[in-house]
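S.K.: Just query.cif, nothing more (mmCIF, C-alpha atoms):
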```cif
data_coords
loop_
_atom_site.label_atom_id
_atom_site.label_comp_id
_atom_site.auth_asym_id
_atom_site.auth_seq_id
_atom_site.Cartn_x
_atom_site.Cartn_y
_atom_site.Cartn_z
CA MET A 1375 0.00 0.00 0.00
CA PRO A 1376 1.53 3.30 -1.06
CA ARG A 1377 1.99 5.86 1.68
CA ALA A 1378 1.34 9.62 1.55
CA SER A 1379 2.68 10.75 -1.81
CA GLU A 1380 4.14 14.16 -2.52
CA ARG A 1381 1.56 16.64 -3.63
CA SER A 1382 3.36 18.72 -6.22
CA ALA A 1383 2.68 22.38 -6.85
CA PRO A 1384 1.92 23.54 -10.39
CA ARG A 1385 4.75 22.94 -12.87
CA LYS A 1386 5.61 26.62 -13.24
CA ALA A 1387 6.26 27.08 -9.56
CA ALA A 1388 8.28 23.87 -9.42
CA ALA A 1389 10.53 25.06 -12.25
CA SER A 1390 11.27 28.32 -10.45
CA THR A 1391 12.49 26.72 -7.24
CA ARG A 1392 16.01 26.30 -8.55
CA ALA A 1393 16.39 29.85 -9.86
CA SER A 1394 15.46 31.37 -6.54
CA ARG A 1395 18.59 30.19 -4.75
CA SER A 1396 20.96 32.45 -6.72
CA ASN A 1397 19.18 35.70 -5.82
CA PRO A 1398 20.30 36.91 -2.35
CA LYS A 1399 16.86 38.20 -1.38
CA SER A 1400 15.21 35.00 -2.53
CA ALA A 1401 17.84 32.95 -0.74
CA ALA A 1402 17.13 34.85 2.49
CA THR A 1403 13.38 34.25 2.17
CA ARG A 1404 13.98 30.59 1.41
CA GLU A 1405 16.13 30.35 4.55
CA ARG A 1406 13.41 32.04 6.59
CA ILE A 1407 10.84 29.53 5.37
CA LEU A 1408 13.16 26.66 6.30
CA ASP A 1409 13.72 28.14 9.77
CA ALA A 1410 9.96 28.53 10.23
CA GLY A 1411 9.44 24.96 9.00
CA ALA A 1412 11.96 23.70 11.57
CA SER A 1413 10.22 25.59 14.35
CA ILE A 1414 6.75 24.30 13.41
CA LEU A 1415 7.94 20.72 12.90
CA ALA A 1416 9.80 20.68 16.21
CA ARG A 1417 6.69 21.96 17.96
CA TYR A 1418 3.73 20.29 16.24
CA GLY A 1419 5.24 17.28 14.50
CA TYR A 1420 4.79 16.01 10.97
CA ALA A 1421 1.03 15.57 11.13
CA GLY A 1422 0.37 18.93 12.71
CA ALA A 1423 2.77 21.00 10.59
CA ARG A 1424 0.65 23.33 8.45
CA LEU A 1425 2.04 25.51 5.70
CA GLU A 1426 -0.19 28.38 6.86
CA ASP A 1427 1.66 28.38 10.19
CA VAL A 1428 5.05 28.14 8.48
CA ALA A 1429 4.10 31.07 6.25
CA GLU A 1430 2.92 33.13 9.22
CA ILE A 1431 6.20 32.69 11.10
CA ALA A 1432 8.29 33.28 7.97
CA GLY A 1433 6.26 36.39 7.16
CA VAL A 1434 5.25 35.30 3.66
CA ALA A 1435 1.93 34.43 2.04
CA ALA A 1436 1.27 30.67 2.19
CA PRO A 1437 1.18 30.13 -1.61
CA ALA A 1438 4.60 31.83 -1.86
CA ILE A 1439 6.11 28.75 -0.21
CA TYR A 1440 5.54 26.89 -3.49
CA TYR A 1441 7.83 29.38 -5.20
CA TYR A 1442 10.68 28.01 -3.09
CA PHE A 1443 9.65 24.39 -2.46
CA ARG A 1444 8.02 21.89 -4.78
CA SER A 1445 5.67 20.61 -2.08
CA ARG A 1446 4.99 20.50 1.65
CA GLU A 1447 6.92 17.21 1.71
CA SER A 1448 9.99 18.64 0.00
CA LEU A 1449 10.15 21.50 2.53
CA ILE A 1450 9.83 19.02 5.37
CA GLU A 1451 12.45 16.74 3.87
CA GLU A 1452 14.94 19.59 3.57
CA VAL A 1453 14.35 20.60 7.20
CA MET A 1454 14.86 16.99 8.27
CA GLN A 1455 18.09 16.69 6.29
CA LEU A 1456 19.47 19.96 7.62
CA GLY A 1457 18.55 18.84 11.13
CA ALA A 1458 20.52 15.63 10.76
CA SER A 1459 23.53 17.18 9.03
CA ARG A 1460 23.83 20.15 11.39
CA ALA A 1461 23.61 17.99 14.50
CA HIS A 1462 26.18 15.59 13.06
CA GLU A 1463 28.47 18.49 12.17
CA HIS A 1464 28.13 20.01 15.64
CA VAL A 1465 29.05 16.76 17.38
CA ARG A 1466 31.98 16.15 15.03
CA SER A 1467 33.31 19.69 15.63
CA ALA A 1468 33.05 19.20 19.38
CA LEU A 1469 35.07 16.00 19.10
CA ASP A 1470 37.65 17.64 16.83
CA ALA A 1471 38.07 20.45 19.35
CA LEU A 1472 39.14 18.03 22.12
CA PRO A 1473 42.83 17.79 22.97
CA SER A 1474 44.44 14.80 21.30
CA ALA A 1475 45.09 13.31 24.74
CA ALA A 1476 41.34 13.03 25.43
CA THR A 1477 40.38 9.48 26.45
CA PRO A 1478 37.60 7.58 24.68
CA LEU A 1479 35.31 8.15 27.68
CA GLU A 1480 36.03 11.88 27.58
CA ARG A 1481 35.13 11.82 23.90
CA ILE A 1482 31.80 10.15 24.71
CA GLU A 1483 31.21 12.73 27.43
CA ALA A 1484 31.77 15.53 24.89
CA ALA A 1485 29.51 13.85 22.33
CA ILE A 1486 26.66 13.64 24.87
CA ARG A 1487 26.98 17.37 25.52
CA ALA A 1488 27.17 18.27 21.84
CA HIS A 1489 24.17 16.07 20.96
CA LEU A 1490 22.04 17.81 23.61
CA GLU A 1491 23.33 21.23 22.53
CA ALA A 1492 22.26 20.44 18.97
CA LEU A 1493 18.79 19.53 20.23
CA PHE A 1494 18.24 22.53 22.48
CA GLU A 1495 20.62 25.35 21.64
CA LEU A 1496 21.77 25.25 18.07
CA SER A 1497 18.39 25.74 16.37
CA ASP A 1498 15.06 23.95 15.92
CA TYR A 1499 16.39 21.77 13.11
CA ALA A 1500 17.80 18.89 15.12
CA ALA A 1501 14.70 18.65 17.33
CA ALA A 1502 12.49 18.80 14.22
CA ASN A 1503 14.49 15.91 12.83
CA ILE A 1504 14.52 13.75 15.94
CA ARG A 1505 10.86 14.25 16.82
CA ASN A 1506 9.65 13.26 13.38
CA SER A 1507 12.07 10.69 12.08
CA GLY A 1508 9.61 7.86 12.69
CA GLN A 1509 6.63 9.71 11.24
CA LEU A 1510 7.71 10.30 7.65
CA PRO A 1511 6.31 8.82 4.47
CA GLU A 1512 8.39 5.84 3.42
CA GLN A 1513 10.22 7.55 0.52
CA ILE A 1514 11.55 10.37 2.68
CA ARG A 1515 12.19 7.94 5.52
CA LYS A 1516 14.54 5.89 3.36
CA ARG A 1517 16.71 8.84 2.36
CA GLN A 1518 16.67 10.03 5.96
CA TYR A 1519 17.87 6.64 7.10
CA GLU A 1520 21.10 6.96 5.12
CA GLN A 1521 22.03 10.08 7.09
CA GLU A 1522 21.15 8.43 10.38
CA LYS A 1523 23.46 5.56 9.59
CA LEU A 1524 26.43 7.94 9.21
CA TYR A 1525 25.71 9.52 12.56
CA GLY A 1526 25.19 6.12 14.15
CA ALA A 1527 28.60 5.07 12.81
CA LEU A 1528 30.23 8.00 14.63
CA TRP A 1529 28.78 6.81 17.94
CA GLN A 1530 29.59 3.21 17.22
CA LYS A 1531 33.25 4.21 16.76
CA LEU A 1532 33.23 6.20 20.00
CA LEU A 1533 31.93 3.19 21.94
CA GLU A 1534 34.24 0.72 20.23
CA ALA A 1535 37.27 2.90 20.96
CA ALA A 1536 36.28 3.00 24.63
CA ARG A 1537 35.88 -0.73 24.61
CA THR A 1538 39.29 -1.29 23.02
CA SER A 1539 40.90 1.02 25.56
CA GLY A 1540 39.40 -1.05 28.37
CA GLU A 1541 37.49 1.92 29.78
CA VAL A 1542 34.07 0.39 29.32
CA ARG A 1543 32.47 -2.90 30.29
CA THR A 1544 32.94 -5.79 27.93
CA ASP A 1545 29.64 -7.48 28.73
CA PHE A 1546 27.61 -5.13 26.60
CA ASP A 1547 26.65 -5.25 22.97
CA PRO A 1548 28.00 -2.03 21.38
CA TYR A 1549 25.06 -1.66 19.00
CA LEU A 1550 22.32 -2.15 21.60
CA THR A 1551 24.14 0.07 24.08
CA LYS A 1552 24.63 2.80 21.50
CA MET A 1553 20.94 2.78 20.61
CA LEU A 1554 19.82 2.80 24.25
CA VAL A 1555 22.16 5.72 24.95
CA LEU A 1556 21.04 7.68 21.89
CA GLY A 1557 17.44 6.90 22.83
CA SER A 1558 17.79 8.54 26.22
CA LEU A 1559 19.15 11.66 24.47
CA ASN A 1560 16.72 11.61 21.54
CA TRP A 1561 13.68 11.36 23.77
CA THR A 1562 14.56 14.60 25.58
CA PRO A 1563 12.68 16.92 23.18
CA GLU A 1564 9.52 15.01 24.19
CA TRP A 1565 9.73 16.14 27.80
CA VAL A 1566 12.36 18.80 28.45
CA ASP A 1567 10.86 22.20 29.09
CA VAL A 1568 13.64 24.66 28.38
CA LYS A 1569 11.92 27.17 30.64
CA THR A 1570 12.36 24.94 33.70
CA THR A 1571 15.24 22.59 32.86
CA LYS A 1572 18.73 24.07 32.64
CA LEU A 1573 20.68 22.57 29.75
CA GLU A 1574 23.80 22.43 31.90
CA GLU A 1575 22.02 20.32 34.52
CA LEU A 1576 20.54 18.02 31.85
CA VAL A 1577 23.98 17.53 30.27
CA ARG A 1578 25.55 16.72 33.62
CA GLN A 1579 22.84 14.20 34.55
CA ALA A 1580 22.97 12.52 31.16
CA GLN A 1581 26.77 12.30 31.28
CA ASN A 1582 26.68 10.85 34.82
CA LEU A 1583 24.01 8.31 34.02
CA ILE A 1584 25.50 7.15 30.73
CA LEU A 1585 29.16 7.14 31.74
CA SER A 1586 28.41 5.28 34.96
CA GLY A 1587 26.30 2.90 32.93
CA ILE A 1588 29.07 1.92 30.53
CA ARG A 1589 32.23 2.36 32.61
CA ALA A 1590 34.24 -0.80 33.34
CA MET B 618 -3.95 28.92 16.09
CA PRO B 619 -6.28 25.94 16.48
CA ARG B 620 -4.79 22.55 15.66
CA ALA B 621 -6.35 19.68 13.70
CA SER B 622 -9.97 19.46 14.77
CA GLU B 623 -11.99 16.27 14.94
CA ARG B 624 -13.84 15.52 11.77
CA SER B 625 -17.09 14.03 12.99
CA ALA B 626 -19.06 11.42 11.10
CA PRO B 627 -22.73 12.07 10.30
CA ARG B 628 -24.96 12.40 13.36
CA LYS B 629 -26.75 9.09 12.83
CA ALA B 630 -23.54 7.10 12.86
CA ALA B 631 -22.29 8.99 15.89
CA ALA B 632 -25.44 8.19 17.85
CA SER B 633 -25.08 4.48 17.15
CA THR B 634 -21.57 4.14 18.54
CA ARG B 635 -22.78 3.62 22.07
CA ALA B 636 -25.37 0.96 21.29
CA SER B 637 -22.81 -1.19 19.51
CA ARG B 638 -20.85 -2.05 22.65
CA SER B 639 -23.63 -4.11 24.22
CA ASN B 640 -23.96 -6.54 21.29
CA PRO B 641 -21.26 -9.28 21.51
CA LYS B 642 -20.70 -9.42 17.75
CA SER B 643 -20.46 -5.64 17.53
CA ALA B 644 -18.14 -5.59 20.49
CA ALA B 645 -15.86 -8.11 18.79
CA THR B 646 -15.75 -6.03 15.60
CA ARG B 647 -15.05 -2.91 17.59
CA GLU B 648 -12.18 -4.68 19.32
CA ARG B 649 -10.82 -5.83 15.95
CA ILE B 650 -10.87 -2.26 14.64
CA LEU B 651 -9.02 -1.08 17.74
CA ASP B 652 -6.41 -3.82 17.32
CA ALA B 653 -5.96 -2.87 13.66
CA GLY B 654 -5.70 0.80 14.64
CA ALA B 655 -2.96 -0.06 17.14
CA SER B 656 -1.05 -2.02 14.52
CA ILE B 657 -1.27 0.76 11.91
CA LEU B 658 -0.41 3.50 14.41
CA ALA B 659 2.57 1.59 15.75
CA ARG B 660 3.84 1.09 12.22
CA TYR B 661 3.00 4.27 10.31
CA GLY B 662 2.49 6.86 13.02
CA TYR B 663 -0.24 9.41 13.49
CA ALA B 664 0.21 11.19 10.16
CA GLY B 665 0.40 8.00 8.12
CA ALA B 666 -2.45 6.12 9.80
CA ARG B 667 -5.22 5.76 7.22
CA LEU B 668 -8.65 4.41 8.01
CA GLU B 669 -8.58 2.40 4.75
CA ASP B 670 -5.60 0.45 6.07
CA VAL B 671 -7.22 -0.01 9.47
CA ALA B 672 -10.35 -1.30 7.76
CA GLU B 673 -8.36 -3.69 5.58
CA ILE B 674 -6.61 -5.27 8.55
CA ALA B 675 -9.81 -5.42 10.60
CA GLY B 676 -11.66 -6.97 7.68
CA VAL B 677 -14.41 -4.36 7.55
CA ALA B 678 -15.44 -1.75 4.99
CA ALA B 679 -13.83 1.62 5.76
CA PRO B 680 -17.12 3.52 6.30
CA ALA B 681 -18.15 0.87 8.85
CA ILE B 682 -15.52 2.27 11.19
CA TYR B 683 -17.81 5.28 11.72
CA TYR B 684 -20.43 2.92 13.08
CA TYR B 685 -18.08 2.22 15.99
CA PHE B 686 -16.08 5.44 16.33
CA ARG B 687 -17.16 9.03 16.05
CA SER B 688 -14.09 10.02 14.04
CA ARG B 689 -10.58 9.00 13.04
CA GLU B 690 -9.35 11.01 16.01
CA SER B 691 -11.60 9.26 18.52
CA LEU B 692 -10.38 5.84 17.32
CA ILE B 693 -6.77 7.02 17.63
CA GLU B 694 -7.40 8.49 21.06
CA GLU B 695 -8.88 5.22 22.33
CA VAL B 696 -5.90 3.26 20.99
CA MET B 697 -3.53 5.70 22.70
CA GLN B 698 -5.39 5.46 26.00
CA LEU B 699 -5.49 1.67 25.91
CA GLY B 700 -1.78 1.65 25.08
CA ALA B 701 -0.96 3.75 28.12
CA SER B 702 -3.27 1.92 30.52
CA ARG B 703 -2.25 -1.59 29.42
CA ALA B 704 1.46 -0.82 29.68
CA HIS B 705 0.95 0.75 33.09
CA GLU B 706 -1.09 -2.25 34.23
CA HIS B 707 1.53 -4.71 32.97
CA VAL B 708 4.35 -2.96 34.83
CA ARG B 709 2.30 -2.70 38.00
CA SER B 710 1.43 -6.40 37.86
CA ALA B 711 5.09 -7.32 37.37
CA LEU B 712 5.99 -5.29 40.45
CA ASP B 713 3.14 -6.81 42.48
CA ALA B 714 4.37 -10.29 41.53
CA LEU B 715 7.80 -9.69 43.09
CA PRO B 716 8.54 -11.23 46.49
CA SER B 717 8.10 -8.71 49.27
CA ALA B 718 11.83 -8.99 50.02
CA ALA B 719 12.73 -7.55 46.60
CA THR B 720 15.08 -4.59 46.93
CA PRO B 721 14.30 -1.24 45.28
CA LEU B 722 16.93 -1.96 42.60
CA GLU B 723 15.35 -5.35 41.89
CA ARG B 724 12.04 -3.59 41.50
CA ILE B 725 13.57 -1.18 38.97
CA GLU B 726 15.08 -4.14 37.14
CA ALA B 727 11.64 -5.77 36.92
CA ALA B 728 10.03 -2.53 35.76
CA ILE B 729 12.56 -2.19 32.91
CA ARG B 730 11.71 -5.71 31.74
CA ALA B 731 7.96 -5.16 32.00
CA HIS B 732 8.12 -1.83 30.17
CA LEU B 733 9.98 -3.45 27.24
CA GLU B 734 7.60 -6.43 27.28
CA ALA B 735 4.68 -4.03 27.01
CA LEU B 736 6.32 -2.40 23.99
CA PHE B 737 7.26 -5.55 22.11
CA GLU B 738 5.31 -8.54 23.37
CA LEU B 739 2.01 -7.57 24.88
CA SER B 740 0.41 -6.04 21.77
CA ASP B 741 0.82 -3.08 19.42
CA TYR B 742 -0.99 -0.72 21.77
CA ALA B 743 1.92 0.43 23.91
CA ALA B 744 4.18 1.02 20.90
CA ALA B 745 1.34 2.88 19.15
CA ASN B 746 1.09 5.07 22.22
CA ILE B 747 4.80 5.73 22.71
CA ARG B 748 5.56 6.39 19.06
CA ASN B 749 2.83 8.98 18.70
CA SER B 750 2.53 10.68 22.04
CA GLY B 751 4.27 13.80 20.75
CA GLN B 752 2.33 13.92 17.48
CA LEU B 753 -1.22 14.35 18.67
CA PRO B 754 -3.53 17.32 18.27
CA GLU B 755 -3.45 19.43 21.44
CA GLN B 756 -6.85 18.36 22.81
CA ILE B 757 -6.01 14.66 22.75
CA ARG B 758 -2.49 15.39 23.93
CA LYS B 759 -3.78 17.02 27.10
CA ARG B 760 -5.92 14.04 28.11
CA GLN B 761 -3.06 11.74 27.22
CA TYR B 762 -0.75 13.71 29.47
CA GLU B 763 -2.82 12.93 32.56
CA GLN B 764 -2.26 9.21 32.02
CA GLU B 765 1.46 9.70 31.44
CA LYS B 766 1.74 11.53 34.74
CA LEU B 767 0.35 8.53 36.62
CA TYR B 768 2.87 6.21 35.00
CA GLY B 769 5.67 8.70 35.60
CA ALA B 770 4.70 8.76 39.28
CA LEU B 771 5.17 4.99 39.50
CA TRP B 772 8.76 5.32 38.21
CA GLN B 773 9.44 8.31 40.39
CA LYS B 774 8.48 6.22 43.44
CA LEU B 775 10.71 3.35 42.30
CA LEU B 776 13.70 5.67 42.01
CA GLU B 777 12.99 7.48 45.24
CA ALA B 778 12.70 4.21 47.14
CA ALA B 779 16.09 3.15 45.77
CA ARG B 780 17.53 6.47 46.81
CA THR B 781 16.13 6.20 50.33
CA SER B 782 17.53 2.70 50.67
CA GLY B 783 20.98 3.97 49.69
CA GLU B 784 21.20 1.68 46.68
CA VAL B 785 21.49 4.47 44.15
CA ARG B 786 23.73 7.49 43.77
CA THR B 787 22.66 10.61 45.57
CA ASP B 788 24.18 13.02 43.05
CA PHE B 789 21.40 12.62 40.56
CA ASP B 790 18.14 14.44 40.13
CA PRO B 791 15.37 11.79 40.37
CA TYR B 792 13.14 13.51 37.79
CA LEU B 793 15.84 14.03 35.14
CA THR B 794 17.20 10.52 35.69
CA LYS B 795 13.74 8.98 35.45
CA MET B 796 13.08 10.78 32.17
CA LEU B 797 16.47 9.83 30.68
CA VAL B 798 15.89 6.19 31.68
CA LEU B 799 12.36 6.12 30.28
CA GLY B 800 13.68 7.82 27.14
CA SER B 801 16.14 5.04 26.46
CA LEU B 802 13.27 2.52 26.76
CA ASN B 803 10.69 4.60 24.88
CA TRP B 804 12.97 5.16 21.91
CA THR B 805 13.34 1.41 21.30
CA PRO B 806 10.30 1.07 19.00
CA GLU B 807 12.10 3.53 16.67
CA TRP B 808 14.98 1.15 16.03
CA VAL B 809 14.44 -2.36 17.39
CA ASP B 810 13.77 -4.87 14.66
CA VAL B 811 12.03 -7.76 16.41
CA LYS B 812 13.23 -10.07 13.65
CA THR B 813 16.90 -9.49 14.51
CA THR B 814 16.91 -8.30 18.13
CA LYS B 815 15.98 -10.81 20.82
CA LEU B 816 13.84 -9.22 23.52
CA GLU B 817 15.74 -11.12 26.19
CA GLU B 818 19.03 -9.60 25.03
CA LEU B 819 17.55 -6.12 24.83
CA VAL B 820 16.13 -6.44 28.35
CA ARG B 821 19.48 -7.61 29.72
CA GLN B 822 21.42 -4.78 28.05
CA ALA B 823 18.94 -2.15 29.19
CA GLN B 824 18.98 -3.49 32.76
CA ASN B 825 22.79 -3.55 32.80
CA LEU B 826 23.16 -0.07 31.38
CA ILE B 827 20.52 1.55 33.56
CA LEU B 828 21.31 -0.23 36.83
CA SER B 829 25.03 0.45 36.46
CA GLY B 830 24.15 4.03 35.64
CA ILE B 831 22.20 4.66 38.83
CA ARG B 832 23.83 2.29 41.33
CA ALA B 833 25.65 3.89 44.27
#
```
Would it be possible to restate this file's structure as structure tokens?

M.R.:
Amino acid sequence: MPRASERSAPRKAAASTRASRSNPKSAATRERILDAGASILARYGYAGARLEDVAEIAGVAAPAIYYYFRSRESLIEEVMQLGASRAHEHVRSALDALPSAATPLERIEAAIRAHLEALFELSDYAAANIRNSGQLPEQIRKRQYEQEKLYGALWQKLLEAARTSGEVRTDFDPYLTKMLVLGSLNWTPEWVDVKTTKLEELVRQAQNLILSGIRA
Amino acid sequence: MPRASERSAPRKAAASTRASRSNPKSAATRERILDAGASILARYGYAGARLEDVAEIAGVAAPAIYYYFRSRESLIEEVMQLGASRAHEHVRSALDALPSAATPLERIEAAIRAHLEALFELSDYAAANIRNSGQLPEQIRKRQYEQEKLYGALWQKLLEAARTSGEVRTDFDPYLTKMLVLGSLNWTPEWVDVKTTKLEELVRQAQNLILSGIRA
């Protein structure tokens, strides 16, 4: 059974979406629509994300969105992809910034912090991605999955390095542990209220819980 | 801005939904529609759940669903509520079945197992609930939240008892820890493939990770 298919805008609008990126003003509007899309997706989820709301936040008329994006789905897909790539990039930069003497456990500690920063501080993109990754139509889901695998590989390497160094327990399965750890971080946008939970406290608790959980 | 409102079926159909519960055959069909709804919601999520697919699995004509449920949303809400209450009930029963000499940490260990059993063995209801709790229209979400609070209170008590007994670290915040722990469990339906991951192995890894994480 085919799942929700992309509803395309009229051909003329679709053809113009490429041209718009080269004009600085157009590029800025396009960016604003993406930012608004990230904010709405992070807040209301895939089912509840309405183009009218995106347009309102971006300060454009709703039909204008089709000048920049072929369909609601293609806007959502781009937000999801940016969410994944920006979070990945942020975590990788945080790891690169560590002194070369950092131990594998210290690298995991830094990755936990950077993952939570991406979800709560960087922008709405990562939260939009995480909160909706399981809700997408199958076509988008598949492309999304490729990006997730790359990020998963980064964590897998972090855990395997810690295992090789003898810093972590040997009685755990690296894949299952990695997914349980990422789960505890990825679920945070479902419950953390940034008005009452301090990011610093959340980071510290997550680091304590996870590092104690895996330490040899 | 108002979010997705309930699309009601014609008045006649709505009026008949109550009568149908007292007839055993009707009750069985209703149950079958709920089961199908749980299966579709667990698999495709709130946005992708189509009544045609629910009807196909339940073996009824799609319009017949309106004989039993006022709207798509009221079917989904009932599935979500059953998911929450059945999971809660299963965890509570598992705790009640423990010997009275069980330590607070042993009780947490049992709760981890029961929570994962509810997600993967009991039925599709708990997974349908967990995978969609952040995707619901605001009205349903609010009622849903009341149920989640009750279940959260059960875990809060488990952790506080372990803290009082001195079995767990005192440098953690019980609320943040509880939510991080539940997050690692609640994220599992996003990635566990029951064809390749054995529940027993998942339970053991989750228990190891979490208990080591909180133990004094």

S.K.: Can you tell me how far atom CA of A:Ile1482 sits from atom CA of A:Ala1458, in Å to one decimal?

M.R.: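 Between atom CA of A:Ile1482 and atom CA of A:Ala1458 the gap works out to 18.8 Å.
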
S.K.: My list of candidates is A:Glu1534, A:Glu1491, A:Asp1547, A:Glu1483. Which is closest to chain B when distances are computed with only C-alpha atoms?

M.R.: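 Once distances to chain B are computed over only C-alpha atoms, the minimum belongs to A:Asp1547.
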
S.K.: As a PyMOL selection string, could you give me every residue of chain A near chain B (at most 9 Å apart, counting only C-alpha atoms)?

M.R.: chain A and resi 1375+1377-1378+1417-1422+1427+1505-1512+1545-1547+1550-1551+1553-1562+1564-1566+1571+1575-1576+1579-1580+1582-1589

S.K.: Under the PyMOL selection byres ((chain A and resi 1395-1410) around 12), which residues of this model are included? Write them out as a compact mmCIF listing (two decimals) with C-alpha atoms, keeping the file's coordinate frame.

M.R.:
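Okay, this is what ended up in out22.txt:
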```txt
# COMPACT_ATOMS: atom_id res chain seq x y z
CA SER A 1390 11.27 28.32 -10.45
CA THR A 1391 12.49 26.72 -7.24
CA ARG A 1392 16.01 26.30 -8.55
CA ALA A 1393 16.39 29.85 -9.86
CA SER A 1394 15.46 31.37 -6.54
CA GLY A 1411 9.44 24.96 9.00
CA ALA A 1412 11.96 23.70 11.57
CA SER A 1413 10.22 25.59 14.35
CA ILE A 1414 6.75 24.30 13.41
CA LEU A 1415 7.94 20.72 12.90
CA ALA A 1416 9.80 20.68 16.21
CA ARG A 1417 6.69 21.96 17.96
CA TYR A 1418 3.73 20.29 16.24
CA ALA A 1423 2.77 21.00 10.59
CA ARG A 1424 0.65 23.33 8.45
CA LEU A 1425 2.04 25.51 5.70
CA GLU A 1426 -0.19 28.38 6.86
CA ASP A 1427 1.66 28.38 10.19
CA VAL A 1428 5.05 28.14 8.48
CA ALA A 1429 4.10 31.07 6.25
CA GLU A 1430 2.92 33.13 9.22
CA ILE A 1431 6.20 32.69 11.10
CA ALA A 1432 8.29 33.28 7.97
CA GLY A 1433 6.26 36.39 7.16
CA VAL A 1434 5.25 35.30 3.66
CA ALA A 1435 1.93 34.43 2.04
CA ALA A 1436 1.27 30.67 2.19
CA PRO A 1437 1.18 30.13 -1.61
CA ALA A 1438 4.60 31.83 -1.86
CA ILE A 1439 6.11 28.75 -0.21
CA TYR A 1440 5.54 26.89 -3.49
CA TYR A 1441 7.83 29.38 -5.20
CA TYR A 1442 10.68 28.01 -3.09
CA PHE A 1443 9.65 24.39 -2.46
CA ARG A 1446 4.99 20.50 1.65
CA SER A 1448 9.99 18.64 0.00
CA LEU A 1449 10.15 21.50 2.53
CA ILE A 1450 9.83 19.02 5.37
CA GLU A 1451 12.45 16.74 3.87
CA GLU A 1452 14.94 19.59 3.57
CA VAL A 1453 14.35 20.60 7.20
CA MET A 1454 14.86 16.99 8.27
CA GLN A 1455 18.09 16.69 6.29
CA LEU A 1456 19.47 19.96 7.62
CA GLY A 1457 18.55 18.84 11.13
CA LEU A 1496 21.77 25.25 18.07
CA SER A 1497 18.39 25.74 16.37
CA ASP A 1498 15.06 23.95 15.92
CA TYR A 1499 16.39 21.77 13.11
CA ALA A 1500 17.80 18.89 15.12
CA ALA A 1502 12.49 18.80 14.22
```

S.K.: Which centre and edge lengths in Å to one decimal define the box along x, y and z that fits every listed atom of stretch 1560-1565 of chain A plus 5 Å per side, as JSON?

M.R.:
```
{"center_x": 13.1, "center_y": 14.1, "center_z": 24.7, "size_x": 17.2, "size_y": 15.6, "size_z": 16.3}
```

S.K.: What is the distance, in Å and to one decimal place, between atom CA of A:Lys1552 and atom CA of A:Pro1478?

M.R.: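 Value for the atom CA of A:Lys1552-atom CA of A:Pro1478 distance: 14.2 Å.
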
S.K.: To one decimal place, how far is atom CA of B:Leu712 from atom CA of B:Asn746 in Å?

M.R.: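 Interatomic distance, atom CA of B:Leu712 to atom CA of B:Asn746: 21.5 Å.
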
S.K.: Taking the file as I've supplied it (selection: the PyMOL selection byres ((chain A and resi 1467) around 12)), which residues are included? Please answer as a list of chain:residue names.

M.R.: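 Written out, the selection comes to A:Arg1460, A:Ala1461, A:His1462, A:Glu1463, A:His1464, A:Val1465, A:Arg1466, A:Ala1468, A:Leu1469, A:Asp1470, A:Ala1471, A:Leu1472, A:Arg1481, A:Ala1484, A:Ala1485, A:Arg1487, A:Ala1488, A:His1489, A:Ala1492.
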